[in-house]
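Below: the structure, in structure tokens.
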Amino acid sequence: MPEYAIQTENLTRKFGDFIAVDHISFEVQKGEIFGFLGANGAGKTTAMKMLTGLLTPTSGKALVTGRDVYTEAEFIKKQIGYMSQKFSLYDDLTPRENIRFYGGIYGISEEYLSQKIDEVLEGTGLKDQGDKLVQALPLGWKQKLAFSIAILHNPKIVFLDEPTGGVDPVTRRAFWEQIYEVAEQGITVFVTTHYMDEAEYCDRLSIMVDGRMDAIGSPEDLKHEFSASSVEEIFIKLARSAKRGDG
Amino acid sequence: MKSTIVVEINNVSKSFRQLKALKQVSFAVEEGELFGVIGPDGAGKTTLFRLINTLLIPDEGTLSVLGYDTVNEYKQIRPLLGYMPGKFSLYQDLTVEENLQFFASVFGTSVASNYELIKPIYHQLEPFKNRLSGALSGGMKQKLALSCALIHKPKLLLLDEPTTGVDAVSRKEFWDMLKMLKQEGISIIVSTPYMDEANLCDRVALIQKGSILQIDTPTSVVNGFTKPLLGVKASNTYQLLKALKSFPGSDSVHPFGEYVHYTEKDGEPDPKVLQDYLEQQGLQNVQIKLMDPAIEDRFMDLMHTAEEV
């Protein structure tokens, strides 16, 4: 039996009469790069909040790393990493201090953390910049650092919320290589993006429309299913069918 | 018909303490043009917009907008501009309609007198006209901000990253609106980090680290990419990237959607030799085909050259 990183069944969240997430059922396999797409207002953020233990569902089931989001949210939070476009590094701290700070939050032991700091600085190529303030670093390096910090505590899953917004094309690609590397280590990657070419890099992806999950599969299978030549084409087809608009 | 210059920038530099935000930038935008400023975060796009809209003064060089100097004649320029900043800057505690009325009155006009121009954009918002603007979704905020920037019928529209963080469908709709405004004769300067949007402009300036890499029509920019380009695909993209990078003679290796774009240092890569090598490396389902370069290929190419100099 395959083990899932994420498993949901009819997962639903309402705000008053508004059904933000409408009975979504899907699985993400361990070690997979899973793309989570959808138009603005389709319900992605709400779904992600439920999966990261920040928002309780209205109904339905969701297991993240095998744990129940209703009763074990605190446990889930320790098992996952999270990085958003506004990668919450402290600009007025050095890379070394940032790593130490987040290591402390995740309760990493002092001994292991010292070793980890060197590892991260080495791995990100920031060894010589370790004691400069983060604000002085180019965006690409900040991004690398933020990603390394998001997986500092060896999470089982890392959630990346539009991690590549606004960065230059070279850095954007370097970031995807980092994603591949992390997936190769066995960490499941759950990623949202507005760049449709990036959707093609995922092992599997889903597209949300009006709170529902209207498509899920590998890029290749989906192109076949929707007789489209690119993920962008499928996305536009589906998003245009949306009824609720983004108001 | 003789073309008129609406924006002329001569050797403009601007620094913030040690940071050189713009370095000797020069270009001109013609009347009625849809001109794109394409570059990543931190390239200097916003500084450029603030110099054009007279909110900043250049350290060196001059800017002329609609025939007026941005430093000495800013008062003449401002009523003629519509500016949509990158950050949502409407009053969140006013309703949709109140925001629009406010901006109209600031420019000494009324919503009614310019309604025709904004109608195609604003009519989608009218069902929500009594909603507070802070409670609108991203796509709707963007439409309202554009309506407010247009309500005094500006001659020049400055849009700083209007589509950042917006989904692919809303982005398409937004560009359709720009095309329509262009037909109304409004000159537009728009910035974006999305390279694919460059194709929708008449001309583009590619900008990186405060310098202009190139200015041309999108087609000519792409044509600047002269190396033979291969698209390579295999079952495992990560392994493929590693294998391509270690292939002797390999120059650029960039994931590009379904295919990895690949060039070699000297001349033409041999697909057959490459295929054999990749299969030797244990890669499966290897497919290789000749590719047409995209604007992003050229941008990366130019970035690379700029860094070597």
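Letters A, B, ... go to the chains of the structure tokens in the order shown; residues in each chain start at 1; ligands are counted from 1 in the same order.
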How close does chain A get to chain B? List, as a Markdown table, each residue of chain A within 10 Å, its nearest atom pair and the distance in Å to one decimal, counting only C-alpha atoms.
| residue | atom | partner | partner_atom | distance |
| --- | --- | --- | --- | --- |
| A:Leu37 | CA | B:Asp167 | CA | 9.3 |
| A:Gly38 | CA | B:Asp167 | CA | 7.7 |
| A:Ala39 | CA | B:Asp167 | CA | 5.2 |
| A:Asn40 | CA | B:Asp167 | CA | 5.9 |
| A:Gly41 | CA | B:Ser137 | CA | 7.2 |
| A:Gln85 | CA | B:Gly165 | CA | 9.7 |
| A:Ala136 | CA | B:Leu19 | CA | 9.9 |
| A:Pro138 | CA | B:Gly42 | CA | 8.7 |
| A:Leu139 | CA | B:Gly42 | CA | 7.9 |
| A:Glu162 | CA | B:Gly165 | CA | 8.2 |
| A:Gly165 | CA | B:Gly165 | CA | 6.8 |
| A:Gly166 | CA | B:Asp41 | CA | 5.3 |
| A:Val167 | CA | B:Pro40 | CA | 5.1 |
| A:Asp168 | CA | B:Pro40 | CA | 4.6 |
| A:Pro169 | CA | B:Met300 | CA | 6.7 |
| A:Val170 | CA | B:Met300 | CA | 6.4 |
| A:Thr171 | CA | B:Pro40 | CA | 9.7 |
| A:Arg172 | CA | B:Pro255 | CA | 9.8 |
| A:Arg173 | CA | B:Pro255 | CA | 6.6 |
| A:Ala174 | CA | B:His254 | CA | 8.8 |
| A:Trp176 | CA | B:Pro255 | CA | 8.5 |
| A:Glu177 | CA | B:Tyr238 | CA | 7.1 |
| A:Gln178 | CA | B:Tyr238 | CA | 9.7 |
| A:Ile179 | CA | B:Tyr238 | CA | 9.4 |
| A:Tyr180 | CA | B:Tyr238 | CA | 5.9 |
| A:Glu181 | CA | B:Tyr238 | CA | 7.6 |
| A:Ala183 | CA | B:Tyr238 | CA | 9.7 |
| A:Glu184 | CA | B:Tyr238 | CA | 8.6 |
| A:Thr193 | CA | B:Asp167 | CA | 8.8 |
| A:His194 | CA | B:Asp167 | CA | 5.6 |
| A:Tyr195 | CA | B:Ala168 | CA | 7.9 |
| A:Met196 | CA | B:Gly257 | CA | 7.6 |
| A:Asp197 | CA | B:Gly257 | CA | 4.0 |
| A:Glu198 | CA | B:Gly257 | CA | 5.9 |
| A:Ala199 | CA | B:Gly257 | CA | 7.3 |
| A:Glu200 | CA | B:Gly257 | CA | 5.0 |
| A:Tyr201 | CA | B:Gly257 | CA | 6.4 |
| A:Cys202 | CA | B:Gly257 | CA | 9.7 |
| A:Asp203 | CA | B:Asn236 | CA | 9.6 |
| A:Pro219 | CA | B:Glu258 | CA | 8.6 |
| A:Glu220 | CA | B:Glu258 | CA | 9.1 |
| A:Ser230 | CA | B:Glu258 | CA | 8.2 |
| A:Val231 | CA | B:Gly257 | CA | 8.9 |
| A:Glu232 | CA | B:Ala168 | CA | 7.7 |
| A:Glu233 | CA | B:Ala168 | CA | 9.9 |
| A:Phe235 | CA | B:Ala168 | CA | 7.8 |
| A:Ile236 | CA | B:Val169 | CA | 5.8 |
| A:Lys237 | CA | B:Val169 | CA | 9.1 |
| A:Leu238 | CA | B:Val169 | CA | 9.6 |
| A:Ala239 | CA | B:Val169 | CA | 6.8 |
| A:Arg240 | CA | B:Val169 | CA | 7.2 |
| A:Gly245 | CA | B:Gly139 | CA | 9.2 |
| A:Asp246 | CA | B:Ser137 | CA | 6.0 |
| A:Gly247 | CA | B:Ser137 | CA | 5.4 |
Within 6 Å of segment 286-289 of chain B, counting only C-alpha atoms, which residues qualify if same-chain residues fewer than 3 places away don't, as a list in words?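 Residues near the query, excluding close chain neighbours: Leu230, Gly231, Val232, Lys233 and Ala234 of chain B.
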What is the distance, in Å and to one decimal place, between atom CA of Lys142 of chain A and atom CA of Val260 of chain B?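 Computed distance, atom CA of Lys142 of chain A to atom CA of Val260 of chain B, equals 25.4 Å.
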Could you pull the residues within 12 Å of Gln185 of chain A, counting only C-alpha atoms, minus those fewer than 6 positions along the same chain, as a PyMOL selection string? chain A and resi 30-33+151+154-157+178-179
Output file for the residues above (all heavy atoms, as a PDB file, in the first residue's frame):
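Saved to out-v4.pdb:
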ATOM      1  N   LYS A  30       4.413  10.421  -1.327  1.00  0.00           N
ATOM      2  CA  LYS A  30       5.678  10.788  -0.687  1.00  0.00           C
ATOM      3  C   LYS A  30       6.754  11.052  -1.727  1.00  0.00           C
ATOM      4  O   LYS A  30       6.897  10.286  -2.677  1.00  0.00           O
ATOM      5  CB  LYS A  30       6.141   9.649   0.212  1.00  0.00           C
ATOM      6  CG  LYS A  30       5.587   9.742   1.602  1.00  0.00           C
ATOM      7  CD  LYS A  30       6.259   8.731   2.496  1.00  0.00           C
ATOM      8  CE  LYS A  30       5.745   8.870   3.915  1.00  0.00           C
ATOM      9  NZ  LYS A  30       6.140   7.714   4.714  1.00  0.00           N
ATOM     10  N   GLY A  31       7.507  12.126  -1.559  1.00  0.00           N
ATOM     11  CA  GLY A  31       8.639  12.409  -2.437  1.00  0.00           C
ATOM     12  C   GLY A  31       8.252  13.036  -3.763  1.00  0.00           C
ATOM     13  O   GLY A  31       9.095  13.274  -4.617  1.00  0.00           O
ATOM     14  N   GLU A  32       6.980  13.334  -3.905  1.00  0.00           N
ATOM     15  CA  GLU A  32       6.479  13.876  -5.164  1.00  0.00           C
ATOM     16  C   GLU A  32       6.651  15.403  -5.194  1.00  0.00           C
ATOM     17  O   GLU A  32       6.618  16.047  -4.151  1.00  0.00           O
ATOM     18  CB  GLU A  32       4.984  13.537  -5.230  1.00  0.00           C
ATOM     19  CG  GLU A  32       4.356  13.654  -6.580  1.00  0.00           C
ATOM     20  CD  GLU A  32       2.929  13.081  -6.593  1.00  0.00           C
ATOM     21  OE1 GLU A  32       2.190  13.219  -5.597  1.00  0.00           O
ATOM     22  OE2 GLU A  32       2.570  12.516  -7.614  1.00  0.00           O
ATOM     23  N   ILE A  33       6.796  15.962  -6.412  1.00  0.00           N
ATOM     24  CA  ILE A  33       6.670  17.415  -6.572  1.00  0.00           C
ATOM     25  C   ILE A  33       5.262  17.652  -7.078  1.00  0.00           C
ATOM     26  O   ILE A  33       4.925  17.267  -8.201  1.00  0.00           O
ATOM     27  CB  ILE A  33       7.692  17.991  -7.575  1.00  0.00           C
ATOM     28  CG1 ILE A  33       9.125  17.672  -7.125  1.00  0.00           C
ATOM     29  CG2 ILE A  33       7.502  19.494  -7.722  1.00  0.00           C
ATOM     30  CD1 ILE A  33      10.196  18.127  -8.120  1.00  0.00           C
ATOM     31  N   ILE A 151      13.525  24.015   5.217  1.00  0.00           N
ATOM     32  CA  ILE A 151      13.712  22.564   5.363  1.00  0.00           C
ATOM     33  C   ILE A 151      14.779  22.230   6.420  1.00  0.00           C
ATOM     34  O   ILE A 151      15.260  21.107   6.509  1.00  0.00           O
ATOM     35  CB  ILE A 151      14.082  21.887   4.020  1.00  0.00           C
ATOM     36  CG1 ILE A 151      15.322  22.537   3.414  1.00  0.00           C
ATOM     37  CG2 ILE A 151      12.928  21.939   3.041  1.00  0.00           C
ATOM     38  CD1 ILE A 151      15.899  21.738   2.246  1.00  0.00           C
ATOM     39  N   ASN A 154      14.335  19.194   8.684  1.00  0.00           N
ATOM     40  CA  ASN A 154      14.038  17.959   7.954  1.00  0.00           C
ATOM     41  C   ASN A 154      12.559  17.623   7.909  1.00  0.00           C
ATOM     42  O   ASN A 154      12.149  16.542   8.354  1.00  0.00           O
ATOM     43  CB  ASN A 154      14.792  16.771   8.554  1.00  0.00           C
ATOM     44  CG  ASN A 154      16.275  16.922   8.396  1.00  0.00           C
ATOM     45  OD1 ASN A 154      16.742  17.380   7.349  1.00  0.00           O
ATOM     46  ND2 ASN A 154      17.015  16.582   9.425  1.00  0.00           N
ATOM     47  N   PRO A 155      11.751  18.513   7.385  1.00  0.00           N
ATOM     48  CA  PRO A 155      10.319  18.236   7.345  1.00  0.00           C
ATOM     49  C   PRO A 155      10.009  17.120   6.353  1.00  0.00           C
ATOM     50  O   PRO A 155      10.836  16.809   5.497  1.00  0.00           O
ATOM     51  CB  PRO A 155       9.724  19.559   6.867  1.00  0.00           C
ATOM     52  CG  PRO A 155      10.800  20.164   6.033  1.00  0.00           C
ATOM     53  CD  PRO A 155      12.083  19.778   6.696  1.00  0.00           C
ATOM     54  N   LYS A 156       8.832  16.541   6.488  1.00  0.00           N
ATOM     55  CA  LYS A 156       8.423  15.501   5.537  1.00  0.00           C
ATOM     56  C   LYS A 156       7.861  16.147   4.270  1.00  0.00           C
ATOM     57  O   LYS A 156       7.953  15.594   3.188  1.00  0.00           O
ATOM     58  CB  LYS A 156       7.361  14.606   6.178  1.00  0.00           C
ATOM     59  CG  LYS A 156       7.900  13.855   7.401  1.00  0.00           C
ATOM     60  CD  LYS A 156       7.314  12.450   7.447  1.00  0.00           C
ATOM     61  CE  LYS A 156       8.074  11.552   8.401  1.00  0.00           C
ATOM     62  NZ  LYS A 156       7.677  11.741   9.797  1.00  0.00           N
ATOM     63  N   ILE A 157       7.228  17.303   4.471  1.00  0.00           N
ATOM     64  CA  ILE A 157       6.648  18.024   3.331  1.00  0.00           C
ATOM     65  C   ILE A 157       7.085  19.483   3.417  1.00  0.00           C
ATOM     66  O   ILE A 157       7.130  20.051   4.509  1.00  0.00           O
ATOM     67  CB  ILE A 157       5.100  18.026   3.398  1.00  0.00           C
ATOM     68  CG1 ILE A 157       4.561  16.620   3.586  1.00  0.00           C
ATOM     69  CG2 ILE A 157       4.501  18.675   2.161  1.00  0.00           C
ATOM     70  CD1 ILE A 157       3.055  16.586   3.808  1.00  0.00           C
ATOM     71  N   GLN A 178      16.911  23.502  -7.091  1.00  0.00           N
ATOM     72  CA  GLN A 178      16.912  23.249  -5.647  1.00  0.00           C
ATOM     73  C   GLN A 178      15.680  22.413  -5.247  1.00  0.00           C
ATOM     74  O   GLN A 178      15.769  21.526  -4.411  1.00  0.00           O
ATOM     75  CB  GLN A 178      16.932  24.584  -4.903  1.00  0.00           C
ATOM     76  CG  GLN A 178      17.671  24.531  -3.582  1.00  0.00           C
ATOM     77  CD  GLN A 178      17.617  25.862  -2.842  1.00  0.00           C
ATOM     78  OE1 GLN A 178      17.265  26.909  -3.397  1.00  0.00           O
ATOM     79  NE2 GLN A 178      17.954  25.829  -1.572  1.00  0.00           N
ATOM     80  N   ILE A 179      14.561  22.681  -5.882  1.00  0.00           N
ATOM     81  CA  ILE A 179      13.347  21.904  -5.607  1.00  0.00           C
ATOM     82  C   ILE A 179      13.564  20.434  -5.994  1.00  0.00           C
ATOM     83  O   ILE A 179      13.271  19.528  -5.219  1.00  0.00           O
ATOM     84  CB  ILE A 179      12.122  22.478  -6.362  1.00  0.00           C
ATOM     85  CG1 ILE A 179      11.747  23.847  -5.775  1.00  0.00           C
ATOM     86  CG2 ILE A 179      10.930  21.512  -6.298  1.00  0.00           C
ATOM     87  CD1 ILE A 179      10.529  24.504  -6.416  1.00  0.00           C
TER      88      ILE A 179
END
Which is closer to Lys87 of chain B than all the others in B:Gln124, B:Thr217, B:Gln101, B:Thr163, using only C-alpha atoms?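 Closest to Lys87 of chain B of all the choices is B:Thr163.
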Any idea what the distance is between atom CA of Ile295 of chain B and atom CA of Met177 of chain B?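 These atoms are spaced 22.6 Å apart.
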Within 12 Å of Lys78 of chain A, counting only C-alpha atoms, which residues show up once you throw out same-chain ones fewer than 2 positions away? Write them as an MDAnalysis selection string, please. chainID A and resid 52:53 64:65 67 72:76 80:82 103 105:108 150:158
DSSP strand (DSSP E) residues within segment 69-270 of chain B, listed as a PDB file with C-alpha atoms, in the first residue's frame:
ATOM      1  CA  ASP B  69      11.068  68.641 -18.043  1.00  0.00           C
ATOM      2  CA  LEU B  81      -0.367  61.254 -16.297  1.00  0.00           C
ATOM      3  CA  GLY B  82      -2.227  58.224 -15.070  1.00  0.00           C
ATOM      4  CA  TYR B  83      -0.141  56.190 -12.663  1.00  0.00           C
ATOM      5  CA  MET B  84      -0.863  52.780 -11.224  1.00  0.00           C
ATOM      6  CA  LEU B 156       0.283  58.774 -20.776  1.00  0.00           C
ATOM      7  CA  LEU B 157      -0.469  55.776 -18.618  1.00  0.00           C
ATOM      8  CA  LEU B 158       2.238  54.381 -16.323  1.00  0.00           C
ATOM      9  CA  LEU B 159       1.553  50.893 -15.003  1.00  0.00           C
ATOM     10  CA  SER B 187       0.485  55.953 -24.725  1.00  0.00           C
ATOM     11  CA  ILE B 188       1.280  53.252 -22.212  1.00  0.00           C
ATOM     12  CA  ILE B 189       4.434  52.281 -20.357  1.00  0.00           C
ATOM     13  CA  VAL B 190       4.010  49.047 -18.462  1.00  0.00           C
ATOM     14  CA  SER B 191       6.468  46.986 -16.459  1.00  0.00           C
ATOM     15  CA  THR B 192       6.343  43.279 -15.804  1.00  0.00           C
ATOM     16  CA  ARG B 203       8.600  47.605 -28.081  1.00  0.00           C
ATOM     17  CA  VAL B 204      10.325  46.478 -24.934  1.00  0.00           C
ATOM     18  CA  ALA B 205      13.269  47.532 -22.819  1.00  0.00           C
ATOM     19  CA  LEU B 206      14.951  44.619 -21.073  1.00  0.00           C
ATOM     20  CA  ILE B 207      16.351  45.850 -17.790  1.00  0.00           C
ATOM     21  CA  GLN B 208      18.603  44.173 -15.248  1.00  0.00           C
ATOM     22  CA  SER B 211      21.012  48.916 -16.863  1.00  0.00           C
ATOM     23  CA  ILE B 212      19.103  48.486 -20.089  1.00  0.00           C
ATOM     24  CA  LEU B 213      20.197  45.287 -21.793  1.00  0.00           C
ATOM     25  CA  GLN B 214      18.315  45.897 -25.020  1.00  0.00           C
ATOM     26  CA  ILE B 215      15.472  47.935 -26.518  1.00  0.00           C
ATOM     27  CA  ASP B 216      13.618  46.675 -29.550  1.00  0.00           C
ATOM     28  CA  LEU B 230      17.756  22.242 -28.786  1.00  0.00           C
ATOM     29  CA  GLY B 231      14.826  21.159 -26.653  1.00  0.00           C
ATOM     30  CA  VAL B 232      15.521  17.996 -24.677  1.00  0.00           C
ATOM     31  CA  LYS B 233      13.074  15.908 -22.724  1.00  0.00           C
ATOM     32  CA  SER B 250      27.590  22.222 -23.067  1.00  0.00           C
ATOM     33  CA  ASP B 251      26.926  25.948 -22.681  1.00  0.00           C
ATOM     34  CA  SER B 252      23.466  26.885 -21.401  1.00  0.00           C
ATOM     35  CA  VAL B 253      21.061  24.405 -19.825  1.00  0.00           C
ATOM     36  CA  HIS B 254      17.700  25.857 -18.808  1.00  0.00           C
ATOM     37  CA  PRO B 255      14.465  24.106 -17.897  1.00  0.00           C
ATOM     38  CA  PHE B 256      11.715  25.584 -20.075  1.00  0.00           C
ATOM     39  CA  TYR B 259      11.617  20.786 -22.548  1.00  0.00           C
ATOM     40  CA  VAL B 260      15.067  21.705 -21.330  1.00  0.00           C
ATOM     41  CA  HIS B 261      16.653  24.332 -23.582  1.00  0.00           C
ATOM     42  CA  TYR B 262      20.211  23.489 -24.463  1.00  0.00           C
ATOM     43  CA  THR B 263      23.018  25.199 -26.386  1.00  0.00           C
ATOM     44  CA  GLU B 264      26.669  24.380 -26.938  1.00  0.00           C
TER      45      GLU B 264
END
List as a PyMOL selection string the protein and nucleic acid residues near Gly249 of chain B, meaning an atom at most 10 Å away when only C-alpha atoms are counted, but skip any in the same chain fewer than 3 places from it. chain B and resi 244-246+252+263-267+269
Excluding segment 21-24 of chain B and any residue of its chain fewer than 5 positions from it, enumerate the residues within 10 Å of it, using only C-alpha atoms, and give them as JSON, numbers by chain. {"B": [9, 10, 11, 12, 13, 14, 15, 16, 42, 43, 44, 45, 46, 47, 48, 58, 59, 60, 61, 207, 208, 209, 210, 211, 212]}
Separation of atom CA of Phe101 of chain A from atom CA of Glu122 of chain A in Å: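 Atom CA of Phe101 of chain A lies 18.0 Å from atom CA of Glu122 of chain A.
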Using only C-alpha atoms, pick whichever of B:Leu117, B:Ala243, B:Gln92, B:Gln18 has the shortest atom-to-atom distance to Lys182 of chain B.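 Closest to Lys182 of chain B, using only C-alpha atoms: B:Leu117.
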Considering only helix (DSSP H, G or I) as DSSP defines it on the backbone, what residues of segment 27-164 of chain B qualify? List them as number ranges by chain. B: 45-52, 74-80, 96-106, 112-122, 126-128, 133-135, 138-150
Do you know which residues are at most 6 Å from Arg13 of chain A counting only C-alpha atoms, after dropping those on the same chain fewer than 3 positions away, and could you put them as a PyMOL selection string? chain A and resi 20-21+57-58
